[in-house]
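For reference, the structure discussed in these notes is given below.
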Amino acid sequence: MTLSKSDQQMLTSLAKPYHRIAVIGAGSWGTALATVARRAGREVVIWGRDEAVTRAISEGRENPRYLPGNTLPEGIEATTDMKAALDGAEAVLIVTPSTTLRSVCAQMKPHLAPGVPVALCAKGIEAKTGLLLGEVASQELPGHQIGALSGPTFAKETVLGHPTAATVAFDFRYADRLAPQESPAARLAISMSSESFRPYISDDLVGVEIGGAVKNVIAIACGMMSGAGFAENTRAALITRGMDEMKTLAETLGGRRETVTGLSGAGDLTLTCSSTTSRNMSLGTQLGQGLRREDCFNGEPVVVEGEVNSISVVDLANQIGVTLPICEAVHSILHEGADLAQTFRDLWSRPIEAEPKALVISLNHPFGEHA
C-alpha cells in the first residue's frame, strides 16, 4: 500500500517519541548513540562499567577512552548504577559486546519497567546455542519487545554529525500492523531522528540481525586479501558473494533477502569492508600482512566481533545445512590454523556455479582439487 503525502504526515504526527532513553554500554558506539538521542531532544542516560569513563561523560562531556577529543552534547547523564540508568526509561538501547548480552540482560531484568522495548545494537550469533541475539534477549527479558538498530555507521563520524542512516527493526505484532505509527520501531525511529541521523523502519528482525552478524566475518576476509596485496577486484568479489551468503542464511532462517540489500546488510557490509576503521577489516589486513594473531593491534587484547562470530555463524550454518564458503574460509584460518594463502586459493578454485539460484549447475574448476 502506498500512502499519500498527507497520510504520511498524519502518521508522523501520530508517532510519539520516547521521552527518556537508556543506553546500556559506554563504549564508542554506545556513546555515539547517546549523542544521537540527545541531539534528537531526548533525555538520555548511559550506563557503563568504568566509573572513570562515566564521570568523564557526565562532568567533562567526553569519552576519553573510546572517543577522545570529541565533545558530547550537554545533558547526557552517565552512571555505573544499572538501576539508576533504567529508572524511568521508556526505551533501551543495549550496546555491549554480543558475548556479554545474556549476562547484561539478566542484570537489567530486575530494574526494567514492564513493557519497555529493547533495541540491540551489537551484532552476532550466540556461541554454542546458535541463537540470534534477539532470541537471547527474548529469553532473558520476557514481556519486552526486542528489536535492533543496525546500519553502516562508524561511531566517530556519527558523533561528528556526519549524515548517517540506519535501520530500526522490530517484529511487528498484529497491533503494530493495525497502527504502525505506534509500533516500537516507528517510535524509536522518530525518537532518534535529527538533521544528521536518519533511521529507516523494518519489520524483519531476522534479516537485519543476520546482515549484522555475517558482514563482520566477510570484512575479515576482505582485510585478509587486502593485507596480502590484492586490490579492488578481489574486494568487490568478496563483498558481492559475501552478500549472497548473508541472503542465503537470512532466508533459511525466515528473513527476507531484500532486507539484506538494505542499510543493515549491503550498506553495513560495504562500509565494514572498505576501511580499516573497522576492527574486523583491520584484523584481516594485519593477518594478511603476515602478523600472528597475538601481535595484531600492537599486542592489545582488542575484541573483534567477526572473529567470535565466525565460529557461531559457521556452526549455525552447519546445523541448518547451509554452505557459506567465505565464512568457512575465515573460520578455518582464524580457528583451525589453516594457511591463509592456500585457503583463498581453494576458495577461488571451488566448483564453478551459476549465479542465479534458479540455474542449477556445478562444474569442476580446472585448477580445483578435483581437476
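Residues in the C-alpha cells are numbered from 1 in each chain, the chains being A, B, ... in the order shown, and ligands are numbered from 1 in the order shown.
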
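For Ala22 in chain A, the non-local neighbours within 6 Å, defined as residues at least 3 positions apart in the same chain or in other chains and counting only C-alpha atoms, are Val44, Val45, Ile46, Ala89 and Val92 of chain A.
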
Exercise. Based on DSSP run over this structure's backbone, return all residues of range 123-243 of chain A in strand (DSSP E), as a list in words.
Key: Ile146, Gly147, Ala148, Leu149, Ser150, Thr164, Ala165, Ala166, Thr167, Val168, Ala169, Phe170, Phe197, Arg198, Pro199, Tyr200, Ile201 and Ser202 of chain A

Practice problem: Write out as a ChimeraX atom specification all residues of range 151-230 of chain A that backbone DSSP assigns to alpha helix (DSSP H). | Solution: /A:155-159,174-178,184-192,205-227

Quiz item: Between CA of Cys105 in chain A and CA of Ala166 in chain A, what is the distance, to one decimal in Å?
Solution: 23.4 Å

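Among the candidate residues A:Gly27, A:Gly337, A:Gly130, A:Pro97, the one lying nearest to Ala317 in chain A is A:Gly130, with distances computed using only C-alpha atoms.
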